[in-house]
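Data first, discussion second: the structure below is written as C-alpha cells.
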Amino acid sequence: GEPGAIVLVDLDRFKEVNDTLGHHAGDELLAVVADRLRAGLRPADTLARLGGDEFALILPRSDAATVRRLLDGLSAALATEVVLDGVPLSIEASFGVAHYPEHGRAVDELLRRADAAMYHGKRGSADIVVYAGEDMSHPTQWLVVQAELRHALARDELVLHYQPKVDLRTGEVVGVEALVRWQHPQRGLLPPSEFLPAAEQSGLIEPLTAWVLARALADQAAWTATGRSWGVSVNVSARNLEKPGFADFVSGLLAEHGTPAHRLLLEITETALAADTRRAEQAVLDLTTRGIGISVDDFGTGYTSMSQLRGLPIAEIKIDRTFVRDVLEAPPSQAIVRAIIALAHGLGSRVTAEGIESPEVADWLRRAGCDEAQGYLYSRPVPWAEVGTYEIT
Ligand code: C2E
Ligand code: CA
Ligand code: CA
Ligand code: CA
C-alpha cells in the first residue's frame with residue numbers, strides 16, 4: 001500500500017517537571033504537548049496518548065521527506081516556551097520513526113521499531129531518529145540500565161577514576177578530575193557513555209552526582225593528609241544545577257569533609273550552561289558565592305553568549321578535545337584555541353586543554369599561553385590507588 005509512518009514521541013524532562021513542580025504541573029505539561037502536537041498534524045493523521053509521557057502519531061500517505069518536515073515542525077512547535085507554575089520551560093521531546101511498509105506492516109512491529117529508534121535518539125541526544133535496523137539496541141535495554149543503576153548505587157558498584165591536570169609551565173600535577181565508571185557484575189567496567197544518559201533521563205543523576213561528590217571529597221581529603229595539595233574536579237550535569245538547593249548541598253558536603261571550597265571545581269559543559277540560561281546562571285552564582293570554583297567544560301562546542309560569560313565568575317575554561325586533537329595541522333583549530341585562551345585570560349579565568357596525546361601538542365599549547373593540560377600523554381584516568389604514581393619527579 002501507500003507509504004506512511006508510525007512515530008513515538010517521548011518528553012525528555014517530564015519526570016523532572018513532575019518531581020519538582022508536582023503532578024498538576026506534569027498534567028498541564030502533557031495537555032500543552034497534546035495541543036501542540038494536534039495543531040501540527042493534518043486531518044488524516046492520528047494522535048494517541050500511550051500513557052506516561054509517551055504519545056504515538058500515525059501519519060498515513062507520507063513519504064520519508066514529508067514525515068521529516070512534519071516532525072521538524074512539531075519539534076519546533078514543542079520547543080516554544082511554556083510557563084508552568086511560574087517556571088518557564090522549553091519542551092524537548094524525542095521522536096522515533098518507523099516507516100511502513102519499509103520497516104514492517106504490523107502495528108506492533110512498527111511500534112517496537114519506532115520505540116527502538118526513539119531510545120537510540122535519547123542516548124545520542126538526537127531529537128528525531130528513524131529506525132535503522134536490528135542493531136539499534138533493544139528497546140527494553142534502556143529500562144534495564146535504569147533498573148540496574150538503581151541497584152548499582154545501593155550496592156556501591158560505581159567507581160571513580162582520576163585523571164591528573166598538569167601545569168604546562170612547571171609540569172607539576174595541580175589537580176585531578178574525577179571520572180565515574182560502573183563496575184558492572186556481568187558487563188565489566190562500563191564508561192559513563194553507557195549509563196549517564198539513562199541516569200539523566202530517570203532522575204538517578206541526582207544520587208549519582210551526590211555519590212561522586214562524596215567519594216571525590218573523601219579521596220581528596222586522603223591526599224591532603226599525605227601532603228598533596230591537589231584540587232579536585234567533578235563533572236555535574238545540567239539536571240544537577242536545576243535542582244533547587246544544589247549549592248547548599250555541595251557546601252554541606254565540603255564542610256563535612258573539611259575541604260576548603262576553592263579546592264573543588266565543578267565542571268559544567270558549555271552546552272549545559274547555555275541550555276537553560278536563567279536557572280543555570282543562578283545556580284552557578286549560588287555556587288561561586290560559596291567559593292566553589294566553576295569550570296566550563298567542552299568549551300567551543302556550545303553556544304554560550306559573551307554577555308552570559310561576562311556575568312559569571314568562571315575559574316576555568318576547558319578547551320574541547322576536538323580542537324586540541326588537530327591543533328598542529330589545522331589553522332582553524334589554531335585560531336579557535338588562541339581565541340579561547342585570549343577570552344579566558346581576558347575574563348580572568350585559567351584555561352585548560354583536554355585530550356593532549358603528544359608532547360608536540362603540549363608544546364604548541366604552552367607557547368600559545370595555555371595554563372594547564374590533561375590527556376593520555378600524562379596519564380589516562382586511573383583508580384585512586386594508582387594516582388600517586390603520576391606525581392611528577
Ligand atoms: P569529559 O568531562 O570531557 O571528560 C574527558 C573524557 O575524555 C574522559 O572520558 C577521558 O577519559 C577522556 N580523555 C582524557 N584524556 C584523553 C586523551 O588524551 N585522548 C582521548 N581520546 N580521550 C581522553 P570518559 O571518562 O569516558 O568520560 C566521558 C564523559 O562523561 C566526560 O567527558 C563527562 O562529560 C562525563 N562524565 C564522566 N564522569 C562523570 C560524572 O561523575 N558526572 C557527570 N555528570 N558526568 C561525568
Ligand atoms: Ca520521558
Ligand atoms: Ca570534564
Ligand atoms: Ca571535556
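By order in the C-alpha cells, chains are A, B, ...; within a chain, residues start at 1; ligands start at 1, following the order shown.
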Item to check | Exercise: Asp85 in chain A partners within 12 Å, only C-alpha atoms, chain neighbours under 4 positions left out, as a ChimeraX atom specification | outcome: /A:17-18,20-29,89
Would you mind listing, for every residue of range 78-176 of chain A within 12 Å of range 184-188 of chain A, the two atoms forming the shortest contact and the distance between them in Å to one decimal, using only C-alpha atoms, sorted by chain and ascending residue number, as JSON lines?
{"residue": "A:Val145", "atom": "CA", "partner": "A:His184", "partner_atom": "CA", "distance": 10.6}
{"residue": "A:Glu148", "atom": "CA", "partner": "A:His184", "partner_atom": "CA", "distance": 9.1}
{"residue": "A:Leu149", "atom": "CA", "partner": "A:His184", "partner_atom": "CA", "distance": 9.2}
{"residue": "A:His151", "atom": "CA", "partner": "A:His184", "partner_atom": "CA", "distance": 10.5}
{"residue": "A:Ala152", "atom": "CA", "partner": "A:His184", "partner_atom": "CA", "distance": 7.8}
{"residue": "A:Leu153", "atom": "CA", "partner": "A:His184", "partner_atom": "CA", "distance": 11.2}
{"residue": "A:Arg155", "atom": "CA", "partner": "A:His184", "partner_atom": "CA", "distance": 10.7}
{"residue": "A:Asp156", "atom": "CA", "partner": "A:His184", "partner_atom": "CA", "distance": 10.4}
{"residue": "A:Glu157", "atom": "CA", "partner": "A:His184", "partner_atom": "CA", "distance": 6.7}
{"residue": "A:Leu158", "atom": "CA", "partner": "A:His184", "partner_atom": "CA", "distance": 8.2}
{"residue": "A:Val159", "atom": "CA", "partner": "A:His184", "partner_atom": "CA", "distance": 10.2}
Item to check | Nearby polymer residues, ligand 1, at most 9 Å, only C-alpha atoms and all ligand atoms, as an NGL selection string | outcome: :A and (160-163 or 177-181 or 190-193 or 196 or 200 or 205 or 208-209 or 211-213 or 234-240 or 267-269 or 297-298 or 318 or 320-321 or 325 or 354-358 or 374-381)
Checklist entry - Which value, in Å to one decimal, gives the distance between CA of Val387 in chain A and CA of Ile317 in chain A? => result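 Atom-to-atom, CA of Val387 in chain A to CA of Ile317 in chain A, that is 23.7 Å.
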Checklist entry - Looking at A:Gly86, A:Pro313, A:Gly231, A:Gly121, which one is nearest to Val174 in chain A, with distances taken over only C-alpha atoms? => result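 Among the listed residues, A:Gly231 lies closest to Val174 in chain A.
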Checklist entry - Do you know which residues are within 8 Å of ligand 2 using only C-alpha atoms and all ligand atoms? Can you write them as a list in words? => result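 The distance check yields Asp10, Leu11, Asp12, Arg13, Phe14, Lys15, Gly52, Asp53, Glu54, Ala93, Gln201 and Ser202 of chain A.
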Item to check | Shortest interatomic distance to Gly302 in chain A - which of A:Leu204, A:Ala342, A:Ala272, A:Ala330, counting only C-alpha atoms | outcome: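 Ranking A:Leu204, A:Ala342, A:Ala272, A:Ala330 by distance to Gly302 in chain A, first place goes to A:Ala272.
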Checklist entry - In Å, with one decimal, what is the gap from CA of Val130 in chain A to CA of Ala114 in chain A? => result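 Computed distance, CA of Val130 in chain A to CA of Ala114 in chain A, equals 7.4 Å.
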Item to check | Every residue of range 70-161 of chain A that DSSP places in strand (DSSP E or B), as a list of chain:residue names | outcome: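 Secondary structure check on range 70-161 of chain A, strand (DSSP E or B): A:Val82, A:Val83, A:Leu84, A:Val87, A:Pro88, A:Leu89, A:Ala93, A:Ser94, A:Phe95, A:Gly96, A:Val97, A:Ala98, A:His99, A:Tyr100, A:Ile128, A:Val129, A:Val130, A:Leu158, A:Val159, A:Leu160, A:His161.
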Using C-alpha atoms, can you write the selected residues to a file as a PDB file, in the first residue's frame?
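The resulting result-v2.pdb:
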ATOM      1  CA  VAL A  82       5.703  27.163  28.272  1.00  0.00           C
ATOM      2  CA  VAL A  83       5.202  28.613  31.747  1.00  0.00           C
ATOM      3  CA  LEU A  84       4.225  26.077  34.417  1.00  0.00           C
ATOM      4  CA  VAL A  87       8.552  28.483  35.801  1.00  0.00           C
ATOM      5  CA  PRO A  88       9.406  28.949  32.122  1.00  0.00           C
ATOM      6  CA  LEU A  89      10.367  25.704  30.394  1.00  0.00           C
ATOM      7  CA  ALA A  93      10.966  15.595  23.030  1.00  0.00           C
ATOM      8  CA  SER A  94      12.444  12.572  21.320  1.00  0.00           C
ATOM      9  CA  PHE A  95      10.796  11.269  18.159  1.00  0.00           C
ATOM     10  CA  GLY A  96      11.292   7.690  17.000  1.00  0.00           C
ATOM     11  CA  VAL A  97      10.118   6.935  13.465  1.00  0.00           C
ATOM     12  CA  ALA A  98       9.225   3.668  11.714  1.00  0.00           C
ATOM     13  CA  HIS A  99       8.123   3.855   8.080  1.00  0.00           C
ATOM     14  CA  TYR A 100       5.719   1.405   6.546  1.00  0.00           C
ATOM     15  CA  ILE A 128      14.330  12.774  15.571  1.00  0.00           C
ATOM     16  CA  VAL A 129      15.602   9.292  14.745  1.00  0.00           C
ATOM     17  CA  VAL A 130      14.386   6.930  12.039  1.00  0.00           C
ATOM     18  CA  LEU A 158      30.272   2.771  40.891  1.00  0.00           C
ATOM     19  CA  VAL A 159      33.944   3.682  40.969  1.00  0.00           C
ATOM     20  CA  LEU A 160      35.879   6.855  40.307  1.00  0.00           C
ATOM     21  CA  HIS A 161      38.969   7.064  38.184  1.00  0.00           C
TER      22      HIS A 161
END
Checklist entry - Counting only C-alpha atoms, what is within 8 Å of Ser75 in chain A, bar same-chain residues fewer than 3 positions away, as an MDAnalysis selection string? => result chainID A and resid 71:72 78:79 92:93
Got time to write the residues from that selection, C-alpha atoms, as a PDB file, in the first residue's frame?
ATOM      1  CA  LEU A  71       8.283  16.287  12.657  1.00  0.00           C
ATOM      2  CA  ASP A  72      10.676  19.223  12.331  1.00  0.00           C
ATOM      3  CA  LEU A  78       7.015  21.994  21.178  1.00  0.00           C
ATOM      4  CA  ALA A  79      10.169  23.999  21.847  1.00  0.00           C
ATOM      5  CA  GLU A  92      12.150  18.868  24.450  1.00  0.00           C
ATOM      6  CA  ALA A  93      10.966  15.595  23.030  1.00  0.00           C
TER       7      ALA A  93
END
Checklist entry - Per DSSP on the backbone, what are the helix (DSSP H, G or I) residues of range 250-298 of chain A, as a PyMOL selection string? => result chain A and resi 250-257+261-263+270-275+277-289
Keeping C-alpha atoms for every residue in the selection just given, could you write it to a file as a PDB file, in the first residue's frame?
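Writing done, so here's result_13.pdb:
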ATOM      1  CA  VAL A 250      27.601  20.936  47.926  1.00  0.00           C
ATOM      2  CA  SER A 251      28.541  23.374  50.696  1.00  0.00           C
ATOM      3  CA  GLY A 252      27.323  20.859  53.259  1.00  0.00           C
ATOM      4  CA  LEU A 253      29.483  18.116  51.763  1.00  0.00           C
ATOM      5  CA  LEU A 254      32.534  20.405  51.762  1.00  0.00           C
ATOM      6  CA  ALA A 255      32.020  21.188  55.435  1.00  0.00           C
ATOM      7  CA  GLU A 256      31.574  17.501  56.220  1.00  0.00           C
ATOM      8  CA  HIS A 257      34.922  16.665  54.623  1.00  0.00           C
ATOM      9  CA  ALA A 261      35.530  25.433  48.794  1.00  0.00           C
ATOM     10  CA  HIS A 262      38.197  26.650  46.380  1.00  0.00           C
ATOM     11  CA  ARG A 263      39.696  23.151  46.257  1.00  0.00           C
ATOM     12  CA  GLU A 270      29.182  24.804  27.840  1.00  0.00           C
ATOM     13  CA  THR A 271      26.020  23.247  26.410  1.00  0.00           C
ATOM     14  CA  ALA A 272      24.505  22.853  29.886  1.00  0.00           C
ATOM     15  CA  LEU A 273      25.367  26.421  30.741  1.00  0.00           C
ATOM     16  CA  ALA A 274      23.794  27.723  27.550  1.00  0.00           C
ATOM     17  CA  ALA A 275      20.710  25.496  27.640  1.00  0.00           C
ATOM     18  CA  THR A 277      20.197  30.217  30.899  1.00  0.00           C
ATOM     19  CA  ARG A 278      18.426  31.710  33.857  1.00  0.00           C
ATOM     20  CA  ARG A 279      18.365  28.670  36.105  1.00  0.00           C
ATOM     21  CA  ALA A 280      21.865  27.513  35.202  1.00  0.00           C
ATOM     22  CA  GLU A 281      23.228  31.016  35.741  1.00  0.00           C
ATOM     23  CA  GLN A 282      21.556  31.362  39.105  1.00  0.00           C
ATOM     24  CA  ALA A 283      22.928  28.003  40.210  1.00  0.00           C
ATOM     25  CA  VAL A 284      26.417  28.996  39.081  1.00  0.00           C
ATOM     26  CA  LEU A 285      26.152  32.263  41.017  1.00  0.00           C
ATOM     27  CA  ASP A 286      24.936  30.406  44.130  1.00  0.00           C
ATOM     28  CA  LEU A 287      27.945  28.094  43.902  1.00  0.00           C
ATOM     29  CA  THR A 288      30.523  30.823  43.313  1.00  0.00           C
ATOM     30  CA  THR A 289      29.105  32.891  46.184  1.00  0.00           C
TER      31      THR A 289
END
Next on the checklist: Given only C-alpha atoms as the basis, pick out the residue of A:Ala339, A:Leu264, A:Trp223, A:Pro332 nearest to Glu316 in chain A.
Outcome noted: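 Closest candidate: A:Leu264.
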Next on the checklist: Would you pick out the contacts of Ala48 in chain A at 12 Å or less, using only C-alpha atoms, so that residues sharing its chain but fewer than 6 positions from it are not included, and give the list as a PyMOL selection string?
Outcome noted: chain A and resi 6-9+33-35+37-38+54-59
